[in-house]
Each structure stands twice: as structure tokens, then as C-alpha cells.
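Here the structure is laid out as C-alpha cells; the discussion comes afterwards.
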Amino acid sequence: MSTSTIDFGEYKYGFSDVVKPVVQEEKGLSEEVVKRISYYKEEPDWMREFRLRAYRIFKSKPMPTWGVDLSALNFDDIYYYVRPTDRAGRSWDEVPETIKRTFDRLGIPEAERKYLAGVGAQYDSEMVYHSIKEELASKGVIFCDPETAVREYPDLMRKYFGTVVPPGDNTFAALNSAVWSGGSFVYVPKGVHVDIPLQAYFRINTQNMGQFERTLIIADEGSFVHYIEGCTAPVYTTASLHAAVVEIIALPGARVRYSTIQNWSGDVYNLVTKRAVAYEHATVEWVDGNIGSRKTMKYPSVYLMGPYAHGEVLSIAFAGKGQEQDTGAKMIHAASHTSSVITSKSISKDGGIATYRGLVRVEEGVRGARSHVVCDALIMDPQSVSRTFPYMEIKSPHVHMEHEAKVSRVSEQQLFYLMSRGFSEDEAAAMIVNGFIDPLVKQLPMEYAVELNRLIELEMEGSVG
């Protein structure tokens with residue numbers, strides 16, 4: 001039975017379900033918990049050892065002292081593994097009715113029927129549904145959860161897993177590597193184009209939940225894939241943690257587009273590591289929307305490893321009351337004639353804090369690299385904050401670098417102009433914001449663009465300060 005636990009106001013997805021998990025670990029993290037997670041998944045020795053090594057790294061690493069304030073995050077008050085059902089379905093009829101009803105409310109099965117090539121749906125710690133169109137499977141495209149990949153495609157997993165984001169990269173990458181569960185594994189063979197998107201959807205249901213999905217996308221030479229990710233969580237009064245890791249490998253001539261609209265509830269700490277490597281003539285594009293969560297730290301990055309590789313990050317962050325969005329991008333030019341574009345837009349209102357933190361690095365000996373960075377911030381009221389920390393590390397004289405930054409407030413003149421033409425104050429403010437984010441919205445599939453616009457409109461209600 002589905003129930004609402006508290007009044008969640010404007011956050012449409014704040015409902016929770018009464019689901020009795022098949023397995024629920026005790027709160028807190030220990031080496032024994034890590035071993036049991038590996039046991040539940042019947043993993044081979046190499047993966048169990050990988051987890052244990054990562055756990056020891058996590059225990060040895062201090063918490064970040066930069067970015068958002070994480071002092072209230074209590075690692076002992078989190079469930080690190082909750083299995084809602086004993087197996088994943090390949091049709092929605094195989095998914096337990098209560099969980100299926102949740103995804104119906106989120107519109108996932110309908111979206112799958114209309115415009116997706118495959119869907120993965122995760123509920124707490126496990127994928128409960130995974131499916132790909134037969135036409136793509138017959139071409140050799142693999143879309144499954146990482147647990148299945150460990151069993152059925154061990155050579156690919158051992159070759160690429162943990163190579164783009166190793167456990168020692170940062171505290172939360174180490175944590176994810178120790179307790180990862182669920183996520184997506186995508187492999188696109190040479191020359192194959194997946195013309196309609198694959199999607200994964202992540203739903204937290206349990207209070208004080210930690211969700212640690214792991215995504216690995218490998219686009220072989222000359223291939224193309226568009227992967228879309230969405231996420232929501234119930235509203236509770238205590239904190240949840242989302243610490244995902246995403247690794248993308250774009251082999252020579254491949255193109256990968258990764259779009260995400262993150263819409264967590266206001267209880268969630270969203271601390272993720274997302275990184276791609278692009279080889280010769282390969283392209284990686286991130287389209288990154290951050291609407292919810294209590295505190296976010298997320299900086300999608302592309303390592304341009306081969307000549308003529310190209311990377312793009314187009315991001316938007318919306319920081320409302322009680323929210324802090326610390327987002328940005330990294331571009332590492334490690335080969336000649338590589339190019340990158342970073343476009344970051346942020347909106348802060350009702351005291352929200354939006355921070356852009358970016359890095360462009362050009363390695364020594366690289367020639368003909370080009371980078372263009374644009375940071376635009378829109379502040380809706382005097383209580384809100386916008387910060388920008390661009391960082392450039394240029395070790396070669398043969399570089400073309402551009403950087404633009406602009407911070408603006410919604411002015412009374414703008415509002416008056418629109419209100420004199422019959423719009424209410426809220427409608428006028430929403431129009432200004434919609435125009436501000438329009439370049440990002442145009443990059444999304446139509447259904448996601450509509451959803452993003454609707455989310456922004458909800459956030460903007462009663463927003464004029």
C-alpha cells in the first residue's frame with residue numbers, strides 16, 4: 001500500500017511506500033557489512049577484494065574540508081544496503097505491485113513505451129527492473145545492472161571497472177566502491193548507433209537510506225549512445241545519502257551523451273563522482289540538471305586523452321530555501337587539438353546558495369587545445385548567494401582559452417516591463433528564469449525539457465523577493 005508520510009508541499013515525488021525489504025542491513029558501516037553485501041551478490045573474489053580495499057581507503061580518508069558543510073552527515077545513521085525484492089524483473093509484471101505502482105506514479109513505464117530504447121529502475125539498493133529492446137540486443141548492445149555484468153561479462157568489467165574513478169580518488173568514490181549496489185552497465189559495440197535514449201531511474205524509499213549505484217558506460221569505436229538518468233526520494237525529517245559513481249569510456253570516434261535531471265527531496269546529501277575519458281576523435285557531452293537535494297557536490301569531468309577529442313558540460317543548478325548546490329565541471333586536455341565547452345547556469349532564491357567550481361587543465365606539450373567557459377548566475381532575492389570559483393591550469397603556450405562570467409539579479413524594471421503587459425509577478429519571474437535556462441532546455445529530449453520547465457515553475461511559485 002502506498003502512503004504519504006508527511007505533508008511534502010510542492011515536492012510532487014515526496015511520497016513513500018510501505019515495503020518490507022527482503023534484506024536490510026543494520027545501520028552503520030563496517031568491514032563485515034561490506035563482506036555481507038558482497039555475499040548477497042554472490043561475487044567473485046576479485047570484486048570482494050576490490051570492495052574491502054576501497055573500504056580501507058574510505059576509513060583512511062578525511063572528509064573534504066572544501067565545498068559544502070558536511071559536518072551534520074552521520075555515517076553511523078545510514079542503511080548501506082536494503083534489498084526490496086529478491087530478483088529484478090524483465091517485464092513490469094514481474095516487479096512487486098507496490099514498487100511497480102511507484103514507478104507508474106513517476107511515469108517510467110509510460111516513458112519506456114513511448115520514447116526509450118531501454119529502462120533500468122532502481123529501488124533503494126537494487127535494480128528491480130531492467131529491459132532493452134530486442135533490436136538493440138541483437139546488435140550486441142548490452143544494458144544491464146553491474147551485478148549481471150560481473151557474472152556475464154567479467155572480461156569487460158575487469159578491464160574497465162574502477163579505472164576512470166578509482167577508489168582512492170576521493171572519500172565518496174571510496175565509499176561507493178566499498179558498498180556499491182545497482183546502477184547500469186552499458187556496452188555499445190563498434191559502429192553501432194543507439195538512436196533513442198537508454199534510461200535509468202533511481203528511487204530512494206527507505207528513511208536514512210544510502211544509495212550507492214555504480215554506472216559504467218563503454219562506447220566502442222565509432223558508436224553512439226544517449227543515456228538519461230533521473231531520480232527522486234521521499235521527504236523525511238532525517239538525512240539520506242546518495243553517493244554514486246559514473247564512469248564513461250568513449251573509445252576512438254565514439255560519442256556519448258549523458259543527461260541527468262536530479263530532483264532529490266530536500267533531505268538528501270547528493271555527493272557523486274562522474275567522470276569520462278574520451279580518446280581520439282571521441283566526444284562526451286554531459287547535460288546536467290540539479291534541482292533538489294539538501295546539499296550537492298557534483299563536478300562532471302572529461303579527460304580528453306586523444307587528439308581531436310571533444311568534451312562538453314552544460315549544467316544548471318537551482319538552489320532554493322535550505323539548499324546548497326556546489327556544482328561545476330572539469331576538463332583535462334591531455335592531447336593536442338582537443339576542445340571543450342563548459343556552460344554553467346545557476347539560480348538561487350529564498351536564501352539558497354549556488355556555487356560554480358570548475359577546472360580546465362591543459363597538460364604540458366599539448367598544442368592547439370581550445371576551451372570556452374561560460375558561467376551565468378541569476379539571483380532572485382537579497383538573501384540568496386551565488387559564488388564562482390573557476391580555476392585554470394595551463395601548462396602549454398599553444399592554447400586558446402575563453403572565459404565569461406556574469407552574475408545578475410532579477411530587476412524591478414524587468415518585472416515591471418512584463419507585468420505592464422498583463423503577467424502576474426510570479427509569471428513574469430518565471431518567464432525571466434525560463435529564458436535564462438533556455439539554452440540548456442534545448443539540449444534535452446522534448447519530454448525531459450517539458451519536465452524541467454515544469455520543475456522550475458514549481459520552484460518559482462511565490463518566489464519574487
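Following the order of the C-alpha cells, first chain is A, next is B, and so on, with residues numbered from 1 inside each chain and ligands from 1 in the order they appear.
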Margin query: So that I can see what lies close to A:Pro382, please list as an NGL selection string the residues with an atom at most 9 Å from it, counting only C-alpha atoms and leaving out residues fewer than 6 positions away in the same chain.
Written below: :A and (349-351 or 409 or 465)
Per residue of stretch 196-279 of chain A within 12 Å of stretch 23-36 of chain A, which atom pair is closest and at what distance in Å (one decimal), using only C-alpha atoms, listed by chain and increasing number, as a Markdown table?
| residue | atom | partner | partner_atom | distance |
| --- | --- | --- | --- | --- |
| A:Thr206 | CA | A:Gln24 | CA | 10.0 |
| A:Gln207 | CA | A:Lys27 | CA | 11.1 |
| A:Asn208 | CA | A:Lys27 | CA | 8.7 |
| A:Met209 | CA | A:Lys27 | CA | 9.1 |
| A:Gly210 | CA | A:Lys27 | CA | 9.9 |
Export of prior selection with C-alpha atoms as a PDB file, in the first residue's frame:
ATOM      1  CA  THR A 206      13.737   3.899   2.983  1.00  0.00           C
ATOM      2  CA  GLN A 207      14.398   6.571   5.600  1.00  0.00           C
ATOM      3  CA  ASN A 208      18.103   7.201   6.354  1.00  0.00           C
ATOM      4  CA  MET A 209      18.966   5.339   3.191  1.00  0.00           C
ATOM      5  CA  GLY A 210      22.316   5.395   1.426  1.00  0.00           C
TER       6      GLY A 210
END
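Within the 7 Å cut-off around stretch 126-142 of chain A, using only C-alpha atoms and omitting residues fewer than 6 positions from it on the same chain, the listed residues are Arg83, Arg87, Ala88, Gly89, Arg90, Val95, Ala117, Gly118, Val119, Gly120, Ser181, Gly182, Gly183, Val186, Tyr187, Val188 and Pro189 of chain A.
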Next item on the list: Run DSSP on the backbone of this structure and report the residues of stretch 45-146 of chain A it assigns to helix (DSSP H, G or I), as a ChimeraX atom specification.
Entry: /A:45-60,75-77,92-94,97-106,108-115,134-138,146
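Among the candidates A:Met331, A:Ile204, A:Leu314, A:Val225, the residue lying nearest to A:Ser265 is A:Ile204 (atoms considered: only C-alpha atoms).
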Note to self: Just want the 9 Å neighbourhood of stretch 50-62 of chain A, counted on only C-alpha atoms, with same-chain residues fewer than 5 positions away dropped. Output as a count of residues only.
What the structure shows: 20
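Closest approach to A:Asp438 among A:Gly328, A:Ser223, A:Lys345, A:Val272: A:Lys345, based on only C-alpha atoms.
Residues in contact range of stretch 288-290 of chain A, defined as at most 8 Å between only C-alpha atoms, with sequence neighbours fewer than 3 positions away removed, read Ser259, Thr260, Ile261, Gln262, Asn263, Val313, Leu314, Ser315, Ile316, Ala317, Phe318 and Gln325 of chain A.
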Using all heavy atoms, can you export the residues from the last selection as a compact mmCIF listing (two decimals), in the first residue's frame?
# COMPACT_ATOMS: atom_id res chain seq x y z
N SER A 259 22.62 12.60 -19.98
CA SER A 259 21.72 13.65 -19.49
C SER A 259 21.14 13.23 -18.15
O SER A 259 20.74 12.07 -17.98
CB SER A 259 20.56 13.89 -20.47
OG SER A 259 21.04 14.24 -21.74
N THR A 260 21.10 14.15 -17.22
CA THR A 260 20.50 13.82 -15.94
C THR A 260 19.70 14.99 -15.41
O THR A 260 20.13 16.14 -15.51
CB THR A 260 21.60 13.41 -14.91
OG1 THR A 260 21.00 13.13 -13.66
CG2 THR A 260 22.62 14.51 -14.73
N ILE A 261 18.52 14.67 -14.90
CA ILE A 261 17.73 15.67 -14.18
C ILE A 261 17.58 15.13 -12.76
O ILE A 261 16.79 14.22 -12.51
CB ILE A 261 16.33 15.87 -14.82
CG1 ILE A 261 16.48 16.33 -16.27
CG2 ILE A 261 15.54 16.89 -14.01
CD1 ILE A 261 17.15 17.67 -16.44
N GLN A 262 18.35 15.67 -11.84
CA GLN A 262 18.30 15.19 -10.47
C GLN A 262 17.31 16.02 -9.69
O GLN A 262 17.40 17.24 -9.66
CB GLN A 262 19.68 15.27 -9.84
CG GLN A 262 20.70 14.41 -10.60
CD GLN A 262 21.73 13.78 -9.70
OE1 GLN A 262 22.20 14.40 -8.78
NE2 GLN A 262 22.07 12.54 -9.98
N ASN A 263 16.36 15.33 -9.10
CA ASN A 263 15.29 16.01 -8.39
C ASN A 263 15.08 15.37 -7.02
O ASN A 263 13.99 14.93 -6.69
CB ASN A 263 14.00 15.96 -9.24
CG ASN A 263 12.87 16.75 -8.61
OD1 ASN A 263 13.09 17.70 -7.86
ND2 ASN A 263 11.65 16.35 -8.90
N VAL A 313 30.14 20.22 -21.10
CA VAL A 313 29.27 20.14 -19.94
C VAL A 313 28.33 21.33 -19.99
O VAL A 313 28.78 22.48 -20.08
CB VAL A 313 30.04 20.16 -18.61
CG1 VAL A 313 29.06 20.20 -17.43
CG2 VAL A 313 30.95 18.94 -18.48
N LEU A 314 27.04 21.03 -19.96
CA LEU A 314 26.02 22.07 -19.92
C LEU A 314 25.21 21.81 -18.66
O LEU A 314 24.54 20.79 -18.54
CB LEU A 314 25.13 21.97 -21.16
CG LEU A 314 24.01 22.98 -21.34
CD1 LEU A 314 24.54 24.40 -21.31
CD2 LEU A 314 23.29 22.71 -22.64
N SER A 315 25.31 22.71 -17.68
CA SER A 315 24.68 22.40 -16.40
C SER A 315 23.83 23.54 -15.89
O SER A 315 24.06 24.72 -16.20
CB SER A 315 25.76 22.07 -15.36
OG SER A 315 26.48 23.22 -15.00
N ILE A 316 22.83 23.15 -15.09
CA ILE A 316 22.01 24.14 -14.40
C ILE A 316 21.83 23.68 -12.96
O ILE A 316 21.66 22.50 -12.69
CB ILE A 316 20.65 24.34 -15.08
CG1 ILE A 316 19.86 25.42 -14.33
CG2 ILE A 316 19.85 23.06 -15.13
CD1 ILE A 316 18.64 25.88 -15.07
N ALA A 317 21.91 24.63 -12.05
CA ALA A 317 21.69 24.33 -10.64
C ALA A 317 20.66 25.31 -10.09
O ALA A 317 20.74 26.51 -10.35
CB ALA A 317 22.99 24.44 -9.86
N PHE A 318 19.70 24.77 -9.36
CA PHE A 318 18.65 25.60 -8.76
C PHE A 318 18.72 25.42 -7.25
O PHE A 318 18.44 24.34 -6.74
CB PHE A 318 17.28 25.19 -9.30
CG PHE A 318 16.21 26.20 -9.04
CD1 PHE A 318 15.65 26.91 -10.10
CD2 PHE A 318 15.77 26.48 -7.76
CE1 PHE A 318 14.65 27.86 -9.87
CE2 PHE A 318 14.79 27.43 -7.52
CZ PHE A 318 14.23 28.12 -8.58
N GLN A 325 23.88 24.16 -3.66
CA GLN A 325 24.27 23.44 -4.88
C GLN A 325 25.70 23.84 -5.22
O GLN A 325 25.95 24.96 -5.68
CB GLN A 325 23.35 23.81 -6.05
CG GLN A 325 21.87 23.52 -5.82
CD GLN A 325 21.52 22.07 -6.09
OE1 GLN A 325 22.40 21.25 -6.36
NE2 GLN A 325 20.24 21.75 -6.02
Next item on the list: Run DSSP on the backbone of this structure and report the residues of stretch 55-189 of chain A it assigns to strand (DSSP E or B), as number ranges by chain.
Entry: A: 79, 82-83, 89, 118-123, 126-132, 142-144, 183-188
Note to self: Under the rule that only C-alpha atoms are counted, which of A:Met401, A:Thr273, A:Ser344, A:Val385 is the nearest residue to A:Asp169?
What the structure shows: A:Thr273
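Proximity to A:Tyr79 was assessed for A:Tyr160, A:Tyr115, A:Glu147, A:Asn205 counting only C-alpha atoms; the smallest distance is recorded for A:Asn205.
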Note to self: Give me, as JSON, numbers by chain, all polymer residues having an atom no more than 7 Å from stretch 366-374 of chain A, counting only C-alpha atoms and skipping those fewer than 5 positions away in the same chain.
What the structure shows: {"A": [334, 335, 336, 337, 338, 339, 340, 341, 342, 343, 344, 396, 398, 399, 400, 401, 402, 403, 404, 405]}
Checklist line | Among the residues A:Val287, A:Leu156, A:Ala250, A:Val165, the one that comes closest to A:Leu444 [using only C-alpha atoms] | finding: A:Val287
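Across the model, the gap from atom CA of A:Gly306 to atom CA of A:Lys395 is 17.3 Å.
The space separating atom CA of A:Arg105 from atom CA of A:Gly292 comes to 18.5 Å.
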